>>> print(open('data.cif').read())   # mmCIF, C-alpha atoms and all ligand atoms
data_data
#
loop_
_atom_site.label_atom_id
_atom_site.label_comp_id
_atom_site.auth_asym_id
_atom_site.auth_seq_id
_atom_site.Cartn_x
_atom_site.Cartn_y
_atom_site.Cartn_z
CA VAL A 1 -3.37 -10.45 -40.04
CA ALA A 2 -1.10 -12.35 -37.66
CA ALA A 3 2.08 -13.57 -39.26
CA PHE A 4 2.82 -17.27 -38.99
CA GLY A 5 4.69 -18.03 -35.77
CA VAL A 6 3.61 -14.93 -33.87
CA ALA A 7 2.40 -15.97 -30.42
CA THR A 8 -1.10 -14.90 -29.53
CA VAL A 9 -1.61 -13.97 -25.88
CA PHE A 10 -4.89 -15.35 -24.62
CA SER A 11 -7.17 -12.57 -23.41
CA GLU A 12 -10.36 -13.04 -21.45
CA SER A 13 -11.72 -9.71 -22.67
CA LYS A 14 -11.75 -7.59 -25.80
CA ALA A 15 -9.18 -4.78 -25.93
CA GLY A 16 -10.83 -1.70 -24.44
CA ASP A 17 -13.29 -3.58 -22.21
CA TYR A 18 -12.32 -1.70 -19.04
CA GLU A 19 -15.49 -2.84 -17.28
CA ALA A 20 -14.21 -6.43 -17.47
CA VAL A 21 -10.89 -5.33 -15.93
CA LYS A 22 -12.70 -3.40 -13.20
CA LYS A 23 -14.71 -6.47 -12.32
CA ASP A 24 -11.55 -8.55 -11.89
CA ILE A 25 -9.95 -5.81 -9.78
CA ILE A 26 -12.99 -5.81 -7.50
CA ASP A 27 -12.80 -9.61 -7.26
CA THR A 28 -9.20 -9.44 -6.02
CA LEU A 29 -9.86 -6.98 -3.18
CA ASP A 30 -11.29 -9.16 -0.39
CA ASP A 31 -8.65 -11.27 1.36
CA SER A 32 -8.92 -12.20 5.02
CA ASP A 33 -5.16 -12.89 5.10
CA TRP A 34 -4.19 -9.38 4.02
CA ASP A 35 -4.09 -6.55 6.59
CA ASP A 36 -7.64 -5.47 7.50
CA GLY A 37 -9.23 -7.80 4.93
CA SER A 38 -8.85 -5.82 1.71
CA TRP A 39 -6.14 -5.04 -0.86
CA GLY A 40 -8.01 -1.80 -1.56
CA PRO A 41 -5.86 0.58 0.53
CA VAL A 42 -2.52 -0.59 -0.85
CA LEU A 43 -3.87 -0.38 -4.42
CA VAL A 44 -4.91 3.23 -3.74
CA ARG A 45 -1.38 3.93 -2.47
CA LEU A 46 0.06 2.33 -5.63
CA ALA A 47 -2.01 4.61 -7.90
CA TRP A 48 -1.01 7.64 -5.84
CA HIS A 49 2.72 6.89 -5.74
CA ALA A 50 2.75 6.10 -9.47
CA SER A 51 1.20 9.52 -10.14
CA GLY A 52 2.72 11.71 -7.40
CA THR A 53 6.21 11.73 -8.93
CA TYR A 54 5.05 14.31 -11.48
CA GLU A 55 7.04 17.52 -11.75
CA LYS A 56 5.22 20.25 -13.65
CA LYS A 57 8.32 22.31 -14.42
CA SER A 58 10.17 19.54 -16.26
CA LYS A 59 7.00 17.68 -17.31
CA THR A 60 8.53 14.43 -16.03
CA GLY A 61 7.18 11.68 -13.79
CA GLY A 62 3.55 10.72 -13.25
CA SER A 63 1.66 7.53 -13.95
CA ASP A 64 2.32 7.35 -17.70
CA GLY A 65 5.00 4.77 -18.48
CA ALA A 66 4.45 2.66 -15.32
CA THR A 67 8.04 3.55 -14.50
CA MET A 68 7.81 2.14 -10.96
CA ARG A 69 8.77 -1.21 -12.53
CA TYR A 70 12.31 0.13 -12.95
CA ALA A 71 15.09 1.44 -10.69
CA PRO A 72 15.54 3.92 -9.15
CA GLU A 73 11.75 4.29 -8.68
CA SER A 74 11.22 0.60 -7.84
CA THR A 75 13.81 0.81 -5.06
CA ASP A 76 12.71 4.19 -3.64
CA GLY A 77 12.16 3.70 0.11
CA ALA A 78 8.91 5.67 -0.25
CA ASN A 79 7.58 2.81 -2.40
CA ALA A 80 8.40 0.02 0.07
CA GLY A 81 5.65 -2.60 -0.01
CA LEU A 82 4.20 -1.52 -3.34
CA ASP A 83 5.94 -4.47 -5.01
CA LYS A 84 3.28 -6.59 -3.30
CA ALA A 85 0.46 -4.49 -4.77
CA ARG A 86 2.01 -4.68 -8.24
CA ALA A 87 2.46 -8.45 -7.92
CA LYS A 88 -1.17 -8.83 -6.83
CA LEU A 89 -2.33 -7.13 -10.05
CA GLU A 90 -0.34 -9.55 -12.25
CA ALA A 91 -3.26 -11.99 -12.23
CA VAL A 92 -5.54 -9.25 -13.61
CA LYS A 93 -2.93 -8.26 -16.21
CA ALA A 94 -2.62 -11.93 -17.27
CA LYS A 95 -6.36 -12.08 -17.95
CA HIS A 96 -6.38 -8.76 -19.85
CA PRO A 97 -2.93 -8.51 -21.47
CA TRP A 98 -4.05 -5.63 -23.72
CA ILE A 99 -4.20 -3.14 -20.80
CA SER A 100 -1.03 -1.20 -20.01
CA TYR A 101 0.39 -1.46 -16.48
CA ALA A 102 0.07 2.31 -16.20
CA ASP A 103 -3.67 2.12 -16.91
CA LEU A 104 -4.09 -0.98 -14.74
CA TRP A 105 -2.46 0.57 -11.63
CA THR A 106 -4.44 3.80 -11.86
CA LEU A 107 -7.69 1.99 -12.66
CA ALA A 108 -7.09 -0.31 -9.67
CA GLY A 109 -6.76 2.69 -7.33
CA ALA A 110 -9.87 4.38 -8.71
CA THR A 111 -11.85 1.13 -8.61
CA ALA A 112 -10.73 0.34 -5.05
CA ILE A 113 -11.89 3.76 -3.82
CA GLU A 114 -15.31 3.21 -5.33
CA ALA A 115 -15.52 -0.39 -4.04
CA MET A 116 -14.70 0.78 -0.50
CA GLY A 117 -17.65 3.19 -0.54
CA GLY A 118 -15.91 6.26 -1.93
CA PRO A 119 -16.89 8.61 -4.75
CA LYS A 120 -16.69 7.78 -8.43
CA ILE A 121 -13.37 8.80 -9.97
CA ASN A 122 -13.19 10.15 -13.50
CA TRP A 123 -10.53 7.70 -14.70
CA LYS A 124 -9.45 7.85 -18.32
CA PRO A 125 -7.41 5.20 -20.19
CA GLY A 126 -4.61 5.77 -22.67
CA ARG A 127 -1.38 5.49 -20.65
CA THR A 128 1.40 3.50 -22.25
CA ASP A 129 4.24 1.49 -20.69
CA LEU A 130 7.85 2.60 -20.98
CA PRO A 131 9.93 -0.22 -22.46
CA ALA A 132 12.61 -1.54 -20.10
CA PRO A 133 15.79 0.53 -20.38
CA ALA A 134 18.92 -1.33 -21.48
CA PRO A 135 20.84 -2.76 -18.48
CA GLY A 136 23.00 -0.12 -16.82
CA VAL A 137 21.47 2.72 -18.85
CA ALA A 138 19.75 5.44 -16.82
CA SER A 139 16.53 6.65 -18.42
CA ALA A 140 15.51 10.30 -18.03
CA LYS A 141 11.93 9.08 -18.19
CA ILE A 142 12.18 7.31 -14.82
CA PRO A 143 11.69 9.87 -12.02
CA PRO A 144 14.38 10.18 -9.34
CA ASN A 145 13.75 9.41 -5.66
CA GLY A 146 12.63 12.21 -3.38
CA ARG A 147 9.52 13.44 -5.20
CA LEU A 148 7.02 11.87 -2.77
CA PRO A 149 6.26 13.36 0.68
CA ASP A 150 8.32 12.61 3.78
CA ALA A 151 6.02 11.60 6.66
CA SER A 152 8.52 12.63 9.32
CA LYS A 153 8.16 16.32 8.32
CA GLY A 154 5.83 17.89 10.88
CA PRO A 155 3.84 18.42 13.00
CA GLY A 156 4.62 22.15 12.66
CA VAL A 157 5.47 24.64 9.93
CA ASN A 158 8.33 22.53 8.57
CA GLY A 159 5.65 19.99 7.65
CA VAL A 160 3.43 22.69 6.14
CA ASP A 161 6.28 23.97 3.95
CA HIS A 162 7.21 20.42 2.93
CA LEU A 163 3.63 19.53 1.88
CA ARG A 164 3.40 22.72 -0.21
CA PHE A 165 6.81 22.06 -1.78
CA ILE A 166 5.90 18.49 -2.75
CA PHE A 167 2.35 19.08 -4.03
CA HIS A 168 2.76 22.52 -5.61
CA LYS A 169 5.57 21.09 -7.74
CA MET A 170 3.01 18.61 -9.15
CA GLY A 171 0.76 21.56 -9.98
CA LEU A 172 -1.73 20.79 -7.18
CA ASP A 173 -2.98 23.42 -4.71
CA ASP A 174 -3.66 23.65 -0.97
CA ARG A 175 -7.23 22.40 -1.30
CA ASP A 176 -6.01 19.37 -3.28
CA ILE A 177 -3.43 18.66 -0.56
CA VAL A 178 -6.02 18.50 2.19
CA ALA A 179 -8.60 16.63 0.10
CA LEU A 180 -6.09 13.98 -1.04
CA SER A 181 -4.77 13.50 2.50
CA GLY A 182 -8.21 12.16 3.44
CA ALA A 183 -7.20 8.90 1.72
CA HIS A 184 -5.57 8.11 5.04
CA ALA A 185 -9.04 7.13 6.26
CA LEU A 186 -7.90 3.94 4.50
CA GLY A 187 -5.24 1.42 5.33
CA ARG A 188 -2.41 1.40 7.77
CA CYS A 189 1.32 1.90 8.27
CA HIS A 190 3.64 -1.10 8.43
CA PRO A 191 6.90 -1.11 10.43
CA ASP A 192 8.58 -3.20 7.70
CA ARG A 193 7.63 -0.70 4.97
CA SER A 194 7.62 2.92 6.19
CA GLY A 195 8.67 2.21 9.79
CA PHE A 196 5.42 3.74 11.11
CA ASP A 197 2.77 1.51 12.66
CA GLY A 198 -1.02 1.36 12.71
CA PRO A 199 -4.20 2.70 11.08
CA TRP A 200 -5.49 6.30 11.06
CA THR A 201 -9.13 5.32 11.64
CA HIS A 202 -11.18 2.51 13.17
CA SER A 203 -12.65 1.62 9.75
CA PRO A 204 -9.61 1.34 7.46
CA ILE A 205 -11.33 -0.44 4.60
CA THR A 206 -14.22 2.02 4.28
CA PHE A 207 -13.75 5.32 2.45
CA SER A 208 -15.07 8.11 4.69
CA ASN A 209 -14.25 11.56 6.10
CA LEU A 210 -13.19 10.01 9.43
CA TYR A 211 -9.55 11.01 8.92
CA TYR A 212 -10.51 14.68 9.37
CA VAL A 213 -12.85 13.93 12.27
CA GLU A 214 -10.10 12.06 14.15
CA LEU A 215 -7.49 14.66 13.28
CA LEU A 216 -9.61 17.47 14.74
CA GLU A 217 -11.44 15.84 17.61
CA ASN A 218 -8.96 13.40 19.06
CA PHE A 219 -5.93 14.10 21.25
CA TRP A 220 -2.62 13.32 19.62
CA ILE A 221 0.20 12.22 21.89
CA GLU A 222 3.80 11.76 20.78
CA LYS A 223 4.86 8.11 20.66
CA LYS A 224 8.30 6.69 20.00
CA LEU A 225 8.18 3.22 18.44
CA PRO A 226 10.70 0.48 19.36
CA ASN A 227 12.47 1.21 16.03
CA GLY A 228 13.01 4.83 17.13
CA VAL A 229 10.40 6.26 14.72
CA LEU A 230 8.26 9.11 16.09
CA GLN A 231 4.51 9.17 15.42
CA TYR A 232 1.35 10.24 17.26
CA ARG A 233 -1.23 8.10 19.06
CA ASP A 234 -4.73 8.65 20.43
CA PRO A 235 -5.22 8.25 24.21
CA ASP A 236 -6.32 4.59 23.74
CA ASP A 237 -3.30 3.90 21.52
CA THR A 238 -5.54 2.30 18.87
CA ILE A 239 -5.10 4.73 15.97
CA MET A 240 -2.24 6.95 14.79
CA MET A 241 -1.23 10.07 12.89
CA LEU A 242 2.01 10.78 11.05
CA PRO A 243 3.92 13.98 11.86
CA SER A 244 2.98 15.13 8.32
CA ASP A 245 -0.73 14.50 9.01
CA LEU A 246 -0.63 16.84 12.00
CA ALA A 247 0.91 19.55 9.81
CA LEU A 248 -2.58 19.97 8.31
CA LEU A 249 -3.59 21.58 11.62
CA ALA A 250 -0.61 23.96 11.68
CA ASP A 251 -1.68 26.22 8.81
CA PRO A 252 -4.87 28.31 8.61
CA VAL A 253 -5.66 27.44 4.98
CA PHE A 254 -5.07 23.70 5.50
CA LYS A 255 -7.07 23.77 8.73
CA LYS A 256 -10.01 25.51 7.09
CA TRP A 257 -10.36 22.56 4.69
CA VAL A 258 -9.83 19.97 7.46
CA VAL A 259 -12.76 21.53 9.34
CA ALA A 260 -14.88 21.74 6.19
CA TYR A 261 -14.33 18.06 5.31
CA ALA A 262 -14.85 16.89 8.91
CA ARG A 263 -18.23 18.65 8.93
CA ASP A 264 -19.38 17.80 5.43
CA GLU A 265 -18.62 14.36 4.02
CA LYS A 266 -20.43 15.13 0.77
CA LEU A 267 -18.10 18.07 0.12
CA PHE A 268 -15.12 15.84 0.89
CA PHE A 269 -16.30 13.17 -1.56
CA GLU A 270 -16.78 15.78 -4.31
CA ASP A 271 -13.40 17.40 -3.72
CA PHE A 272 -11.56 14.09 -3.33
CA SER A 273 -13.03 12.82 -6.58
CA LYS A 274 -11.84 15.94 -8.43
CA SER A 275 -8.37 15.97 -6.86
CA PHE A 276 -7.75 12.24 -7.26
CA GLY A 277 -8.93 12.44 -10.88
CA LYS A 278 -6.43 15.29 -11.44
CA LEU A 279 -3.65 13.32 -9.72
CA LEU A 280 -4.13 10.31 -11.99
CA GLU A 281 -3.88 12.54 -15.08
CA LEU A 282 -0.57 14.23 -14.13
CA GLY A 283 1.95 13.84 -16.95
CA VAL A 284 -0.34 11.67 -19.06
CA THR A 285 0.23 12.65 -22.68
CA ARG A 286 -1.51 9.79 -24.48
CA GLY A 287 1.08 8.96 -27.06
CA GLN A 288 2.63 12.42 -27.52
CA ALA A 289 6.09 10.87 -27.18
CA SER A 290 6.38 11.01 -23.39
CA SER A 291 6.71 7.36 -22.58
CA GLY A 292 7.61 5.87 -25.89
CA GLY A 293 4.55 3.72 -26.35
CA LEU A 294 1.76 3.62 -28.89
CA SER A 295 1.31 6.66 -31.08
CA SER A 296 -2.38 7.32 -30.66
CA ILE A 297 -5.05 5.87 -28.44
CA PRO A 298 -8.71 6.84 -28.45
CA ILE A 299 -9.82 8.36 -25.17
CA ILE A 300 -12.89 6.71 -23.77
CA GLY A 301 -14.11 8.13 -20.52
CA PRO A 302 -15.39 8.65 -17.96
CA LEU A 303 -15.96 4.95 -17.44
CA ILE A 304 -16.75 4.88 -13.75
FE1 LIG B 401 -0.15 8.03 2.37
N1 LIG B 401 1.12 6.98 3.56
N2 LIG B 401 0.97 9.69 2.60
N3 LIG B 401 -1.36 9.01 1.07
N4 LIG B 401 -1.20 6.32 2.08
C1 LIG B 401 1.01 5.68 3.93
C2 LIG B 401 0.00 4.81 3.62
C3 LIG B 401 -1.06 5.15 2.78
C4 LIG B 401 2.08 9.82 3.38
C5 LIG B 401 2.76 8.78 4.01
C6 LIG B 401 2.26 7.49 4.12
C7 LIG B 401 -1.24 10.32 0.70
C8 LIG B 401 -0.40 11.25 1.29
C9 LIG B 401 0.63 10.94 2.16
C10 LIG B 401 -2.35 6.21 1.32
C11 LIG B 401 -2.83 7.14 0.42
C12 LIG B 401 -2.34 8.44 0.29
C13 LIG B 401 2.13 5.33 4.76
C14 LIG B 401 2.37 3.97 5.36
C15 LIG B 401 2.90 6.45 4.88
C16 LIG B 401 4.18 6.60 5.68
C17 LIG B 401 3.04 3.02 4.37
C18 LIG B 401 3.23 1.67 4.99
O1 LIG B 401 3.98 1.59 5.98
O2 LIG B 401 2.64 0.70 4.49
C19 LIG B 401 2.48 11.20 3.44
C20 LIG B 401 3.70 11.73 4.18
C21 LIG B 401 1.57 11.91 2.71
C22 LIG B 401 1.50 13.38 2.56
O3 LIG B 401 2.37 14.08 3.17
C23 LIG B 401 0.59 14.04 2.00
C24 LIG B 401 -2.11 10.60 -0.39
C25 LIG B 401 -2.20 11.96 -1.09
C26 LIG B 401 -2.81 9.44 -0.66
C27 LIG B 401 -3.84 9.17 -1.72
O4 LIG B 401 -4.14 8.08 -2.01
C28 LIG B 401 -4.50 10.28 -2.42
C29 LIG B 401 -2.98 4.94 1.58
C30 LIG B 401 -4.31 4.46 0.98
C31 LIG B 401 -2.18 4.27 2.50
C32 LIG B 401 -2.42 2.90 3.14
C33 LIG B 401 -1.64 1.82 2.44
C34 LIG B 401 -1.82 0.46 3.06
O5 LIG B 401 -1.04 -0.43 2.71
O6 LIG B 401 -2.73 0.25 3.87
#
>>> encode(input="data.cif", output="structure tokens", more="lines below")
Ligand code: DDH
Amino acid sequence: VAAFGVATVFSESKAGDYEAVKKDIIDTLDDSDWDDGSWGPVLVRLAWHASGTYEKKSKTGGSDGATMRYAPESTDGANAGLDKARAKLEAVKAKHPWISYADLWTLAGATAIEAMGGPKINWKPGRTDLPAPAPGVASAKIPPNGRLPDASKGPGVNGVDHLRFIFHKMGLDDRDIVALSGAHALGRCHPDRSGFDGPWTHSPITFSNLYYVELLENFWIEKKLPNGVLQYRDPDDTIMMLPSDLALLADPVFKKWVVAYARDEKLFFEDFSKSFGKLLELGVTRGQASSGGLSSIPIIGPLI
């Protein structure tokens, strides 16, 4: 029973109607004024960066809490540009105020993958939002900078070691590393965000195994951008690879999976779906006192 004077937030869906949220996420994707015509890739990057801060040893970080709203995570250079993705989702949040930001960001990534032709992702709700810390108070629940991968590490063994360091600390393995990297079939680099420039494939708003095909079959030539950043280009200078992408060719275990996914898109879709599903679950405790939210939330899933 609502007490007199308590404001009611207007909701266009019933709490728990994730299908209604998904529909509105899909409706926000197409936009001829944004990059290659879809917000999908940057929403996938948002879901990944929200989740990839997880550290298994300390059980901190991950998507629960939606901590990217707060410094120092919000100002991490690795997250440059994701403020735009978060702002874009505000319209969806306004229509469905019952959903947590943490659920909304991860659902948006999973939904975008599916909408761009990718596999279904086993997304589960139940994340809660960390309340804003008091001004000037550092919260141990907000992960520090430096937990996400550094694209300038590579193309050789330094890149291999770095990828293992970053992903093994999340509790993910070599196969997950290669499968998740295939998300770079989508989207592009922006000089005003990461400093790198250009797309990895010729179809950046379609989920496919083309990242592995390009990585293996194209020639990759060093290119120094006007801003001094080093990346790799194909002979036509139409697509690019990061130094860290090329590190996947510098290790026999990584390369085995690159070859497997280049040859077999079905295998890639199956493995990506599993690994991305795992990624989105990292550190999600569903009310067991990790992010200070609701005490218990029924788990309804898989929904998509
Ligand atoms: Fe990534 N990524 N990513 N990435 N990523 C960038 C863009 C996108 C690295 C660096 C960059 C994953 C792994 C890695 C996506 C998804 C995923 C950009 C460009 C850089 C740099 C940002 C910009 O300038 O706008 C590095 C390094 C790694 C690694 O070492 C493994 C993973 C695991 C995923 C995932 O989703 C599972 C997507 C999508 C984009 C395109 C974003 C956009 O706006 O377009």
>>> closest_residue(input="data.cif", among="A:Lys266, A:Arg233, A:Arg45, A:Lys23", to="ligand LIG 401 (chain B)", atoms="all atoms listed in the file")
A:Arg45
>>> residues_near_ligand(input="data.cif", ligand="ligand LIG 401 (chain B)", cutoff="6 Å", atoms="all atoms listed in the file", output="JSON, numbers by chain")
{"A": [41, 42, 44, 45, 48, 149, 150, 151, 163, 180, 181, 183, 184, 186, 187, 188, 189, 190, 191, 193, 194, 196, 244]}
>>> atom_distance(input="data.cif", atom1="atom CA of Ser38 of chain A", atom2="atom CA of Gly109 of chain A")
12.6 Å
>>> residues_near_point(input="data.cif", point="(12.7, 4.8, -11.4)", cutoff="12 Å", atoms="only C-alpha atoms", output="VMD selection string")
chain A and resid 49 to 50 53 60 to 63 65 to 79 130 132 to 133 137 to 147
>>> atom_distance(input="data.cif", atom1="atom CA of Arg263 of chain A", atom2="atom CA of Gly156 of chain A")
23.4 Å
>>> closest_residue(input="data.cif", among="A:Pro199, A:Gly40, A:Gly117, A:Gly126", to="Arg286 of chain A", atoms="all atoms listed in the file")
A:Gly126
>>> closest_residue(input="data.cif", among="A:Met241, A:Ala247, A:Met116, A:Leu29", to="Val92 of chain A", atoms="only C-alpha atoms")
A:Leu29
>>> closest_residue(input="data.cif", among="A:Ile205, A:Pro131, A:Ser152, A:Ser273", to="Trp39 of chain A", atoms="only C-alpha atoms")
A:Ile205
>>> closest_residue(input="data.cif", among="A:Val259, A:Val178, A:Ala185, A:Ala15", to="Thr201 of chain A", atoms="all atoms listed in the file")
A:Ala185
>>> closest_residue(input="data.cif", among="A:Val213, A:Ala87, A:Ile166, A:Ile113", to="Lys56 of chain A", atoms="all atoms listed in the file")
A:Ile166
>>> atom_distance(input="data.cif", atom1="atom CA of Asp35 of chain A", atom2="atom CA of Phe167 of chain A")
28.5 Å
>>> residues_near_point(input="data.cif", point="(-7.4, 19.8, 9.7)", cutoff="10 Å", atoms="only C-alpha atoms", output="list in words")
Val178, Ser181, Gly182, Tyr211, Tyr212, Val213, Glu214, Leu215, Leu216, Glu217, Asp245, Leu246, Ala247, Leu248, Leu249, Ala250, Asp251, Pro252, Val253, Phe254, Lys255, Lys256, Trp257, Val258, Val259, Ala260, Tyr261 and Ala262 of chain A
>>> axis_aligned_box(input="data.cif", around="segment 246-257 of chain A", padding_each_side="8 Å", output="JSON")
{"center_x": -4.7, "center_y": 22.6, "center_z": 8.3, "size_x": 27.3, "size_y": 27.5, "size_z": 23.3}
>>> residues_around(input="data.cif", residues="Lys153 of chain A", least_positions_apart="6", cutoff="8 Å", atoms="all atoms listed in the file", output="VMD selection string")
chain A and resid 159 162 243 to 244
>>> residues_around(input="data.cif", residues="Phe10 of chain A", least_positions_apart="4", cutoff="12 Å", atoms="all atoms listed in the file", output="ChimeraX atom specification")
/A:14-15,93-98
